[in-house]
file work_13.txt (compact mmCIF, C-alpha atoms)
# COMPACT_ATOMS: atom_id res chain seq x y z
CA MET A 121 100.89 87.39 95.11
CA ARG A 122 98.96 90.38 96.37
CA ALA A 123 101.65 91.06 98.97
CA TYR A 124 104.26 90.93 96.20
CA HIS A 125 102.39 93.47 94.10
CA MET A 126 101.96 95.76 97.09
CA SER A 127 105.67 95.49 97.88
CA PHE A 128 106.57 96.22 94.25
CA LEU A 129 104.25 99.23 94.18
CA GLY A 130 105.69 100.49 97.45
CA GLU A 131 109.23 100.24 96.10
CA LYS A 132 108.24 102.20 92.99
CA VAL A 133 106.62 104.95 95.07
CA VAL A 134 109.63 105.22 97.36
CA SER A 135 111.98 105.24 94.36
CA GLY A 136 109.92 107.97 92.68
CA VAL A 137 109.93 110.15 95.79
CA GLU A 138 113.66 109.60 96.20
CA SER A 139 114.32 110.57 92.58
CA PHE A 140 112.16 113.67 92.89
CA GLY A 141 114.01 114.75 96.02
CA ARG A 142 117.40 114.12 94.43
CA PHE A 143 116.45 116.11 91.34
CA THR A 144 115.18 118.97 93.53
CA PHE A 145 118.48 119.13 95.42
CA TYR A 146 120.30 118.97 92.09
CA LEU A 147 118.34 121.98 90.78
CA LEU A 148 119.07 123.92 93.97
CA ALA A 149 122.76 123.11 93.62
CA VAL A 150 122.78 124.28 90.00
CA TRP A 151 121.08 127.53 91.02
CA ARG A 152 123.55 128.09 93.85
CA TRP A 153 126.67 127.39 91.80
CA LEU A 154 125.38 129.50 88.92
CA PHE A 155 126.06 132.56 91.09
CA SER A 156 128.64 131.43 93.63
CA GLY A 157 130.79 129.47 91.17
CA VAL A 158 131.16 132.07 88.44
CA ARG A 159 134.97 131.94 88.66
CA THR A 160 134.80 128.22 87.93
CA TRP A 161 132.39 127.96 85.01
CA VAL A 162 133.05 131.31 83.28
CA ARG A 163 136.38 130.14 81.88
CA PRO A 164 136.45 130.17 78.06
CA ARG A 165 138.12 126.75 77.97
CA LEU A 166 135.01 125.32 79.60
CA LEU A 167 132.32 127.27 77.77
CA LEU A 168 133.60 127.58 74.21
CA PRO A 169 134.02 123.83 73.55
CA GLN A 170 130.43 123.28 74.69
CA PHE A 171 129.17 126.07 72.44
CA TYR A 172 130.99 124.42 69.55
CA LEU A 173 129.81 120.87 70.29
CA ILE A 174 126.21 121.80 71.04
CA GLY A 175 125.82 124.63 68.56
CA THR A 176 128.18 124.58 65.61
CA ARG A 177 128.23 120.81 65.14
CA SER A 178 124.42 120.65 65.18
CA ILE A 179 123.77 123.28 62.51
CA LEU A 180 123.77 120.90 59.54
CA VAL A 181 121.26 118.42 60.95
CA ILE A 182 119.01 121.24 62.16
CA MET A 183 119.04 122.90 58.73
CA VAL A 184 118.18 119.63 56.99
CA VAL A 185 115.34 118.90 59.42
CA GLY A 186 113.98 122.45 59.13
CA ALA A 187 114.02 122.44 55.33
CA PHE A 188 112.17 119.15 55.01
CA VAL A 189 109.64 120.13 57.67
CA GLY A 190 108.68 123.18 55.60
CA MET A 191 108.55 121.09 52.43
CA VAL A 192 106.35 118.44 54.02
CA LEU A 193 103.95 121.06 55.36
CA ALA A 194 103.64 122.52 51.87
CA VAL A 195 103.00 119.13 50.27
CA GLU A 196 100.39 118.11 52.85
CA THR A 197 98.43 121.39 52.91
CA TYR A 198 98.47 122.50 49.27
CA ASP A 199 95.61 120.28 48.07
CA GLN A 200 93.27 121.40 50.87
CA PHE A 201 93.94 125.08 50.20
CA ALA A 202 93.75 124.69 46.43
CA ALA A 203 90.39 122.92 46.76
CA ILE A 204 88.84 126.07 48.22
CA GLY A 205 90.82 128.49 46.05
CA GLN A 206 93.04 129.76 48.87
CA GLU A 207 96.44 128.49 47.78
CA LEU A 208 97.78 132.06 47.72
CA ARG A 209 97.40 132.13 51.50
CA LEU A 210 99.39 128.94 51.99
CA GLY A 211 102.52 130.80 53.03
CA SER A 212 100.81 132.23 56.10
CA VAL A 213 99.90 128.78 57.48
CA ILE A 214 103.23 127.16 56.66
CA ASN A 215 105.34 129.94 58.12
CA ILE A 216 103.27 130.45 61.27
CA SER A 217 103.44 126.71 61.91
CA VAL A 218 107.19 126.67 61.41
CA VAL A 219 108.12 129.65 63.60
CA LYS A 220 105.65 129.03 66.45
CA GLN A 221 105.34 125.27 66.79
CA VAL A 222 106.94 122.81 64.42
CA GLY A 223 110.34 124.47 64.07
CA PRO A 224 111.18 124.93 67.77
CA VAL A 225 109.71 121.58 68.85
CA LEU A 226 111.34 119.42 66.18
CA ALA A 227 114.65 121.24 66.56
CA ALA A 228 114.55 120.63 70.31
CA VAL A 229 113.61 116.95 69.86
CA MET A 230 116.47 116.41 67.41
CA LEU A 231 118.89 118.12 69.77
CA ALA A 232 117.58 116.15 72.74
CA GLY A 233 118.58 113.01 70.88
CA ARG A 234 121.93 114.27 69.71
CA ILE A 235 123.02 116.49 72.60
CA GLY A 236 121.13 114.90 75.46
CA GLY A 237 122.45 111.43 74.81
CA SER A 238 125.99 112.70 74.31
CA VAL A 239 126.06 114.83 77.46
CA SER A 240 124.53 112.17 79.70
CA ALA A 241 126.87 109.49 78.32
CA GLU A 242 129.91 111.73 78.83
CA LEU A 243 129.05 112.60 82.42
CA GLY A 244 127.93 109.04 83.13
CA THR A 245 131.26 107.70 81.95
CA MET A 246 133.04 110.18 84.21
CA ARG A 247 130.91 108.96 87.11
CA VAL A 248 131.51 105.23 86.64
CA THR A 249 135.26 105.82 86.12
CA GLU A 250 135.36 107.91 89.33
CA GLN A 251 136.50 111.08 87.59
CA LEU A 252 133.78 113.02 89.41
CA ASP A 253 135.18 111.84 92.73
CA ALA A 254 138.62 112.99 91.61
CA LEU A 255 137.23 116.47 90.92
CA ARG A 256 135.73 116.62 94.41
CA VAL A 257 139.03 115.53 95.95
CA MET A 258 140.74 118.43 94.15
CA GLY A 259 138.17 120.82 95.63
CA THR A 260 136.12 121.38 92.47
CA ASP A 261 132.40 120.80 92.44
CA PRO A 262 131.28 118.83 89.33
CA ILE A 263 128.12 120.91 89.02
CA ALA A 264 130.05 124.18 88.73
CA TYR A 265 132.78 122.67 86.55
CA LEU A 266 130.79 120.33 84.29
CA VAL A 267 127.05 120.93 84.53
CA ILE A 268 126.66 124.70 84.34
CA PRO A 269 128.79 125.17 81.17
CA ARG A 270 126.72 122.52 79.39
CA VAL A 271 123.39 123.90 80.59
CA LEU A 272 124.36 127.44 79.58
CA ALA A 273 125.50 126.22 76.17
CA CYS A 274 122.11 124.55 75.65
CA VAL A 275 120.21 127.67 76.73
CA VAL A 276 122.28 129.96 74.48
CA MET A 277 122.76 127.80 71.40
CA ILE A 278 119.41 126.04 70.99
CA PRO A 279 117.51 129.31 70.29
CA ILE A 280 120.17 130.17 67.71
CA LEU A 281 119.78 126.75 66.12
CA THR A 282 116.02 127.25 66.14
CA VAL A 283 116.52 130.37 64.01
CA PHE A 284 118.35 128.25 61.43
CA SER A 285 115.57 125.67 61.59
CA ASP A 286 112.92 128.35 61.04
CA LEU A 287 114.75 129.96 58.12
CA LEU A 288 115.25 126.66 56.32
CA GLY A 289 111.65 125.64 57.08
CA ILE A 290 110.38 128.86 55.51
CA PHE A 291 112.65 128.37 52.51
CA GLY A 292 111.56 124.74 52.12
CA GLY A 293 107.90 125.75 52.18
CA TYR A 294 108.57 128.47 49.62
CA LEU A 295 110.48 126.10 47.37
CA VAL A 296 107.65 123.56 47.17
CA THR A 297 104.76 126.02 47.14
CA VAL A 298 106.10 128.58 44.69
CA ARG A 299 108.61 126.66 42.61
CA GLY A 300 106.85 123.32 42.78
CA PHE A 301 103.13 124.15 42.72
CA GLY A 302 103.40 127.48 40.91
CA VAL A 303 101.80 129.71 43.56
CA ASN A 304 102.42 133.42 43.02
CA ALA A 305 105.57 134.35 44.96
CA HIS A 306 104.44 137.92 45.77
CA ALA A 307 101.14 136.70 47.24
CA TYR A 308 102.94 133.96 49.17
CA TRP A 309 105.23 136.44 50.94
CA ASP A 310 102.54 139.12 51.28
CA TYR A 311 100.18 136.86 53.22
CA SER A 312 103.09 135.54 55.24
CA ALA A 313 104.09 139.06 56.26
CA ARG A 314 100.50 139.98 57.16
CA PHE A 315 99.82 136.87 59.21
CA VAL A 316 103.19 136.15 60.88
CA ALA A 317 103.98 138.84 63.46
CA SER A 318 107.16 139.49 65.38
CA TYR A 319 105.41 138.15 68.50
CA ASP A 320 105.00 134.79 66.75
CA VAL A 321 108.71 134.61 66.05
CA MET A 322 109.48 135.54 69.66
CA THR A 323 107.06 132.86 70.84
CA GLY A 324 109.11 130.18 69.12
CA LEU A 325 112.39 131.57 70.46
CA ILE A 326 111.06 131.82 74.02
CA LYS A 327 109.95 128.21 73.80
CA SER A 328 113.37 127.17 72.58
CA LEU A 329 114.99 128.83 75.62
CA PHE A 330 112.94 126.63 77.94
CA PHE A 331 113.53 123.58 75.76
CA GLY A 332 117.27 124.17 75.92
CA LEU A 333 117.15 124.58 79.69
CA ALA A 334 115.19 121.34 80.05
CA ILE A 335 117.55 119.39 77.78
CA GLY A 336 120.65 120.66 79.58
CA LEU A 337 119.37 120.07 83.11
CA ILE A 338 117.88 116.65 82.44
CA SER A 339 120.83 115.33 80.44
CA CYS A 340 123.39 116.40 83.02
CA TYR A 341 121.27 114.99 85.85
CA LYS A 342 120.92 111.60 84.18
CA GLY A 343 124.66 111.44 83.62
CA LEU A 344 125.68 112.59 87.09
CA TYR A 345 123.48 110.05 88.87
CA CYS A 346 123.72 107.02 86.61
CA ARG A 347 124.57 103.65 88.11
CA GLY A 348 125.60 100.21 86.97
CA GLY A 349 128.78 100.65 84.97
CA ALA A 350 128.72 100.69 81.16
CA ALA A 351 125.13 99.42 81.03
CA GLY A 352 124.10 102.24 83.34
CA VAL A 353 125.70 104.78 81.04
CA GLY A 354 123.64 103.43 78.15
CA ARG A 355 120.46 103.60 80.20
CA ALA A 356 121.29 107.15 81.26
CA ALA A 357 121.66 108.25 77.63
CA THR A 358 118.33 106.66 76.71
CA ASP A 359 116.57 108.07 79.77
CA ALA A 360 117.97 111.52 79.02
CA PHE A 361 116.39 111.55 75.56
CA VAL A 362 113.04 110.09 76.63
CA THR A 363 112.70 112.41 79.62
CA SER A 364 113.81 115.45 77.61
CA PHE A 365 111.31 114.57 74.89
CA LEU A 366 108.46 114.37 77.40
CA ALA A 367 109.57 117.62 79.02
CA ILE A 368 109.60 119.36 75.62
CA ILE A 369 106.10 118.17 74.71
CA VAL A 370 104.60 119.08 78.09
CA ALA A 371 106.40 122.43 78.26
CA ASN A 372 105.28 123.25 74.72
CA PHE A 373 101.62 122.95 75.73
CA PHE A 374 101.90 125.15 78.81
CA LEU A 375 104.12 127.72 77.09
CA ALA A 376 101.75 127.89 74.09
CA LYS A 377 98.82 128.55 76.42
CA LEU A 378 100.75 131.08 78.53
CA LEU A 379 102.13 133.02 75.57
CA LYS A 380 98.77 133.06 73.81
CA ASP A 381 97.08 134.47 76.92
CA LEU A 382 99.87 137.00 77.28
CA TYR A 383 99.33 138.14 73.70
CA ILE A 384 95.64 138.67 74.39
CA VAL A 385 96.46 140.69 77.50
CA LEU A 386 98.98 142.85 75.66
CA TYR A 387 97.37 143.28 72.24
CA GLY A 388 93.83 141.89 72.36
CA HIS A 389 92.46 139.31 69.93
CA SER A 390 94.06 139.22 66.51
CA SER A 391 91.66 140.34 63.78
CA PHE A 392 93.52 138.66 60.93
CA THR A 393 93.61 134.95 60.19
CA ALA A 394 95.05 132.85 57.41
CA PHE A 395 91.79 133.26 55.48
CA GLY A 396 91.42 136.96 56.02
CA GLY A 397 89.96 139.05 58.83

call {"tool": "encode", "arguments": {"input": "work_13.txt", "output": "structure tokens"}}
result
Amino acid sequence: MRAYHMSFLGEKVVSGVESFGRFTFYLLAVWRWLFSGVRTWVRPRLLLPQFYLIGTRSILVIMVVGAFVGMVLAVETYDQFAAIGQELRLGSVINISVVKQVGPVLAAVMLAGRIGGSVSAELGTMRVTEQLDALRVMGTDPIAYLVIPRVLACVVMIPILTVFSDLLGIFGGYLVTVRGFGVNAHAYWDYSARFVASYDVMTGLIKSLFFGLAIGLISCYKGLYCRGGAAGVGRAATDAFVTSFLAIIVANFFLAKLLKDLYIVLYGHSSFTAFGG
């Protein structure tokens, strides 16, 4: 039994190292074809459909998610702020949470489920039906022809979708706080403007760039290297979402720390908080 467990552990270690090496070579290939394969992936017939599928067709779900995120934040925080007589400052907390953290992360997670699963399933189907081999026979590299347009579409469109998520989140928070709980609208927006800086908005957008890159790279990788026929395609779609989700959460922590330290280096400590400064 012990020998069996050791053998199983050894297989897992070898498989993990193999997967890491394969993903590293995949990233190097993407980087190489990004510059050397411009004539292949820059074609509008390759890029524009991906912009439409990843961006335009995701706007509605992102707007709905953003609006309800802002509304939930307002509902959950109003009582605590009202208990200490600070409900006028509620807009600052809701809006800073939306533009810096909740908006970009939830938008990316939703898109990882919708886009990541779709992309990995599409490329996985092309792999198991040998369409990728057909591309190679015709002298076209699948990474330049299929992967890079999808990765670029994720990097370009997800920050734009995050803007929609932020706007609807802010509106949802306003709707519940001002129209629902009767907080003074002028004070709500005044404290929001004083507390939410342009750097905070840029923080959320910078995060979304990295989230989009992670979703695009991981989803395409899972699809390109899936195995096992139709069942393998299903596993690839699931793995793409789970791995993208983990990458988003981990990247969010490190980016939050990095961007906060960068702010301190550039501007020093902020003297204003949600409760005054």

call {"tool": "atom_distance", "arguments": {"input": "work_13.txt", "atom1": "CA of Ala307 in chain A", "atom2": "CA of Gly388 in chain A"}}
result
26.7 Å

call {"tool": "residues_around", "arguments": {"input": "work_13.txt", "residues": "Phe188 in chain A", "least_positions_apart": "5", "cutoff": "10 Å", "atoms": "all atoms listed in the file", "output": "PyMOL selection string"}}
result
chain A and resi 183+193-194+285+288-293

call {"tool": "write_last_selection", "arguments": {"input": "work_13.txt", "atoms": "C-alpha atoms", "output": "PDB file, in the coordinates of the input"}}
result
ATOM      1  CA  MET A 183     119.040 122.900  58.730  1.00  0.00           C
ATOM      2  CA  LEU A 193     103.950 121.060  55.360  1.00  0.00           C
ATOM      3  CA  ALA A 194     103.640 122.520  51.870  1.00  0.00           C
ATOM      4  CA  SER A 285     115.570 125.670  61.590  1.00  0.00           C
ATOM      5  CA  LEU A 288     115.250 126.660  56.320  1.00  0.00           C
ATOM      6  CA  GLY A 289     111.650 125.640  57.080  1.00  0.00           C
ATOM      7  CA  ILE A 290     110.380 128.860  55.510  1.00  0.00           C
ATOM      8  CA  PHE A 291     112.650 128.370  52.510  1.00  0.00           C
ATOM      9  CA  GLY A 292     111.560 124.740  52.120  1.00  0.00           C
ATOM     10  CA  GLY A 293     107.900 125.750  52.180  1.00  0.00           C
TER      11      GLY A 293
END

call {"tool": "residues_around", "arguments": {"input": "work_13.txt", "residues": "Gly175 in chain A", "least_positions_apart": "6", "cutoff": "12 Å", "atoms": "all atoms listed in the file", "output": "list in words"}}
result
Leu167, Leu168, Pro169, Val181, Ile182, Ala227, Leu231, Arg234, Ile235, Arg270, Leu272, Ala273, Cys274, Val275, Val276, Met277, Ile278, Pro279, Ile280, Leu281, Thr282, Val283, Phe284 and Gly332 of chain A

call {"tool": "closest_residue", "arguments": {"input": "work_13.txt", "among": "A:Leu173, A:Val316, A:Val133, A:Val321", "to": "Pro224 in chain A", "atoms": "all atoms listed in the file"}}
result
A:Val321

call {"tool": "closest_residue", "arguments": {"input": "work_13.txt", "among": "A:Leu386, A:Gly223, A:Ser328, A:Tyr341", "to": "Phe140 in chain A", "atoms": "only C-alpha atoms"}}
result
A:Tyr341

call {"tool": "residues_around", "arguments": {"input": "work_13.txt", "residues": "Lys377 in chain A", "least_positions_apart": "6", "cutoff": "12 Å", "atoms": "only C-alpha atoms", "output": "list in words"}}
result
Thr323, Lys327, Val370, Ala371, Tyr383 and Ile384 of chain A

call {"tool": "atom_distance", "arguments": {"input": "work_13.txt", "atom1": "CA of Asn215 in chain A", "atom2": "CA of Ile326 in chain A"}}
result
17.0 Å

call {"tool": "closest_residue", "arguments": {"input": "work_13.txt", "among": "A:Val150, A:Val298, A:Ile216, A:Ala376", "to": "Val195 in chain A", "atoms": "all atoms listed in the file"}}
result
A:Val298

call {"tool": "atom_distance", "arguments": {"input": "work_13.txt", "atom1": "CA of Asp286 in chain A", "atom2": "CA of Ala187 in chain A"}}
result
8.3 Å

call {"tool": "closest_residue", "arguments": {"input": "work_13.txt", "among": "A:Asn304, A:Thr160, A:Thr358, A:Ser139", "to": "Ser339 in chain A", "atoms": "only C-alpha atoms"}}
result
A:Thr358

call {"tool": "build_atoms", "arguments": {"input": "work_13.txt", "residues": "range 210-242 of chain A", "atoms": "N, CA and C atoms", "output": "PDB file, in the coordinates of the input"}}
result
ATOM      1  N   LEU A 210      98.708 130.099  51.419  1.00  0.00           N
ATOM      2  CA  LEU A 210      99.390 128.940  51.990  1.00  0.00           C
ATOM      3  C   LEU A 210     100.629 129.342  52.792  1.00  0.00           C
ATOM      4  N   GLY A 211     101.314 130.371  52.338  1.00  0.00           N
ATOM      5  CA  GLY A 211     102.520 130.800  53.030  1.00  0.00           C
ATOM      6  C   GLY A 211     102.271 131.197  54.477  1.00  0.00           C
ATOM      7  N   SER A 212     101.104 131.803  54.745  1.00  0.00           N
ATOM      8  CA  SER A 212     100.810 132.230  56.100  1.00  0.00           C
ATOM      9  C   SER A 212     100.723 131.040  57.052  1.00  0.00           C
ATOM     10  N   VAL A 213     100.062 129.960  56.618  1.00  0.00           N
ATOM     11  CA  VAL A 213      99.900 128.780  57.480  1.00  0.00           C
ATOM     12  C   VAL A 213     101.225 128.041  57.646  1.00  0.00           C
ATOM     13  N   ILE A 214     101.959 127.868  56.572  1.00  0.00           N
ATOM     14  CA  ILE A 214     103.230 127.160  56.660  1.00  0.00           C
ATOM     15  C   ILE A 214     104.191 127.899  57.571  1.00  0.00           C
ATOM     16  N   ASN A 215     104.330 129.194  57.377  1.00  0.00           N
ATOM     17  CA  ASN A 215     105.340 129.940  58.120  1.00  0.00           C
ATOM     18  C   ASN A 215     104.962 130.145  59.580  1.00  0.00           C
ATOM     19  N   ILE A 216     103.674 130.332  59.867  1.00  0.00           N
ATOM     20  CA  ILE A 216     103.270 130.450  61.270  1.00  0.00           C
ATOM     21  C   ILE A 216     103.474 129.131  61.996  1.00  0.00           C
ATOM     22  N   SER A 217     103.220 128.022  61.300  1.00  0.00           N
ATOM     23  CA  SER A 217     103.440 126.710  61.910  1.00  0.00           C
ATOM     24  C   SER A 217     104.913 126.467  62.179  1.00  0.00           C
ATOM     25  N   VAL A 218     105.758 126.893  61.258  1.00  0.00           N
ATOM     26  CA  VAL A 218     107.190 126.670  61.410  1.00  0.00           C
ATOM     27  C   VAL A 218     107.757 127.491  62.565  1.00  0.00           C
ATOM     28  N   VAL A 219     107.462 128.791  62.609  1.00  0.00           N
ATOM     29  CA  VAL A 219     108.120 129.650  63.600  1.00  0.00           C
ATOM     30  C   VAL A 219     107.549 129.499  64.998  1.00  0.00           C
ATOM     31  N   LYS A 220     106.274 129.114  65.123  1.00  0.00           N
ATOM     32  CA  LYS A 220     105.650 129.030  66.450  1.00  0.00           C
ATOM     33  C   LYS A 220     105.695 127.631  67.047  1.00  0.00           C
ATOM     34  N   GLN A 221     105.530 126.605  66.235  1.00  0.00           N
ATOM     35  CA  GLN A 221     105.340 125.270  66.790  1.00  0.00           C
ATOM     36  C   GLN A 221     106.333 124.249  66.243  1.00  0.00           C
ATOM     37  N   VAL A 222     106.219 123.956  64.972  1.00  0.00           N
ATOM     38  CA  VAL A 222     106.940 122.810  64.420  1.00  0.00           C
ATOM     39  C   VAL A 222     108.452 123.022  64.464  1.00  0.00           C
ATOM     40  N   GLY A 223     108.912 124.216  64.091  1.00  0.00           N
ATOM     41  CA  GLY A 223     110.340 124.470  64.070  1.00  0.00           C
ATOM     42  C   GLY A 223     111.000 124.317  65.430  1.00  0.00           C
ATOM     43  N   PRO A 224     110.550 125.054  66.445  1.00  0.00           N
ATOM     44  CA  PRO A 224     111.180 124.930  67.770  1.00  0.00           C
ATOM     45  C   PRO A 224     111.067 123.524  68.371  1.00  0.00           C
ATOM     46  N   VAL A 225     109.909 122.884  68.220  1.00  0.00           N
ATOM     47  CA  VAL A 225     109.710 121.580  68.850  1.00  0.00           C
ATOM     48  C   VAL A 225     110.577 120.514  68.181  1.00  0.00           C
ATOM     49  N   LEU A 226     110.544 120.444  66.852  1.00  0.00           N
ATOM     50  CA  LEU A 226     111.340 119.420  66.180  1.00  0.00           C
ATOM     51  C   LEU A 226     112.831 119.673  66.333  1.00  0.00           C
ATOM     52  N   ALA A 227     113.242 120.934  66.314  1.00  0.00           N
ATOM     53  CA  ALA A 227     114.650 121.240  66.560  1.00  0.00           C
ATOM     54  C   ALA A 227     115.065 120.773  67.941  1.00  0.00           C
ATOM     55  N   ALA A 228     114.227 121.038  68.939  1.00  0.00           N
ATOM     56  CA  ALA A 228     114.550 120.630  70.310  1.00  0.00           C
ATOM     57  C   ALA A 228     114.581 119.102  70.439  1.00  0.00           C
ATOM     58  N   VAL A 229     113.643 118.413  69.782  1.00  0.00           N
ATOM     59  CA  VAL A 229     113.610 116.950  69.860  1.00  0.00           C
ATOM     60  C   VAL A 229     114.863 116.362  69.208  1.00  0.00           C
ATOM     61  N   MET A 230     115.245 116.883  68.055  1.00  0.00           N
ATOM     62  CA  MET A 230     116.470 116.410  67.410  1.00  0.00           C
ATOM     63  C   MET A 230     117.686 116.644  68.295  1.00  0.00           C
ATOM     64  N   LEU A 231     117.756 117.804  68.915  1.00  0.00           N
ATOM     65  CA  LEU A 231     118.890 118.120  69.770  1.00  0.00           C
ATOM     66  C   LEU A 231     118.861 117.328  71.064  1.00  0.00           C
ATOM     67  N   ALA A 232     117.667 116.995  71.551  1.00  0.00           N
ATOM     68  CA  ALA A 232     117.580 116.150  72.740  1.00  0.00           C
ATOM     69  C   ALA A 232     118.199 114.781  72.456  1.00  0.00           C
ATOM     70  N   GLY A 233     117.980 114.274  71.251  1.00  0.00           N
ATOM     71  CA  GLY A 233     118.580 113.010  70.880  1.00  0.00           C
ATOM     72  C   GLY A 233     120.074 113.101  70.684  1.00  0.00           C
ATOM     73  N   ARG A 234     120.502 114.142  70.010  1.00  0.00           N
ATOM     74  CA  ARG A 234     121.930 114.270  69.710  1.00  0.00           C
ATOM     75  C   ARG A 234     122.723 114.757  70.910  1.00  0.00           C
ATOM     76  N   ILE A 235     122.280 115.862  71.510  1.00  0.00           N
ATOM     77  CA  ILE A 235     123.020 116.490  72.600  1.00  0.00           C
ATOM     78  C   ILE A 235     122.761 115.780  73.925  1.00  0.00           C
ATOM     79  N   GLY A 236     121.461 115.500  74.189  1.00  0.00           N
ATOM     80  CA  GLY A 236     121.130 114.900  75.460  1.00  0.00           C
ATOM     81  C   GLY A 236     121.823 113.572  75.689  1.00  0.00           C
ATOM     82  N   GLY A 237     121.780 112.718  74.681  1.00  0.00           N
ATOM     83  CA  GLY A 237     122.450 111.430  74.810  1.00  0.00           C
ATOM     84  C   GLY A 237     123.947 111.577  74.975  1.00  0.00           C
ATOM     85  N   SER A 238     124.546 112.496  74.235  1.00  0.00           N
ATOM     86  CA  SER A 238     125.990 112.700  74.310  1.00  0.00           C
ATOM     87  C   SER A 238     126.420 113.218  75.673  1.00  0.00           C
ATOM     88  N   VAL A 239     125.700 114.232  76.174  1.00  0.00           N
ATOM     89  CA  VAL A 239     126.060 114.830  77.460  1.00  0.00           C
ATOM     90  C   VAL A 239     125.898 113.825  78.587  1.00  0.00           C
ATOM     91  N   SER A 240     124.762 113.130  78.617  1.00  0.00           N
ATOM     92  CA  SER A 240     124.530 112.170  79.700  1.00  0.00           C
ATOM     93  C   SER A 240     125.535 111.019  79.646  1.00  0.00           C
ATOM     94  N   ALA A 241     125.883 110.560  78.439  1.00  0.00           N
ATOM     95  CA  ALA A 241     126.870 109.490  78.320  1.00  0.00           C
ATOM     96  C   ALA A 241     128.250 109.964  78.770  1.00  0.00           C
ATOM     97  N   GLU A 242     128.608 111.195  78.431  1.00  0.00           N
ATOM     98  CA  GLU A 242     129.910 111.730  78.830  1.00  0.00           C
ATOM     99  C   GLU A 242     130.019 111.840  80.349  1.00  0.00           C
TER     100      GLU A 242
END
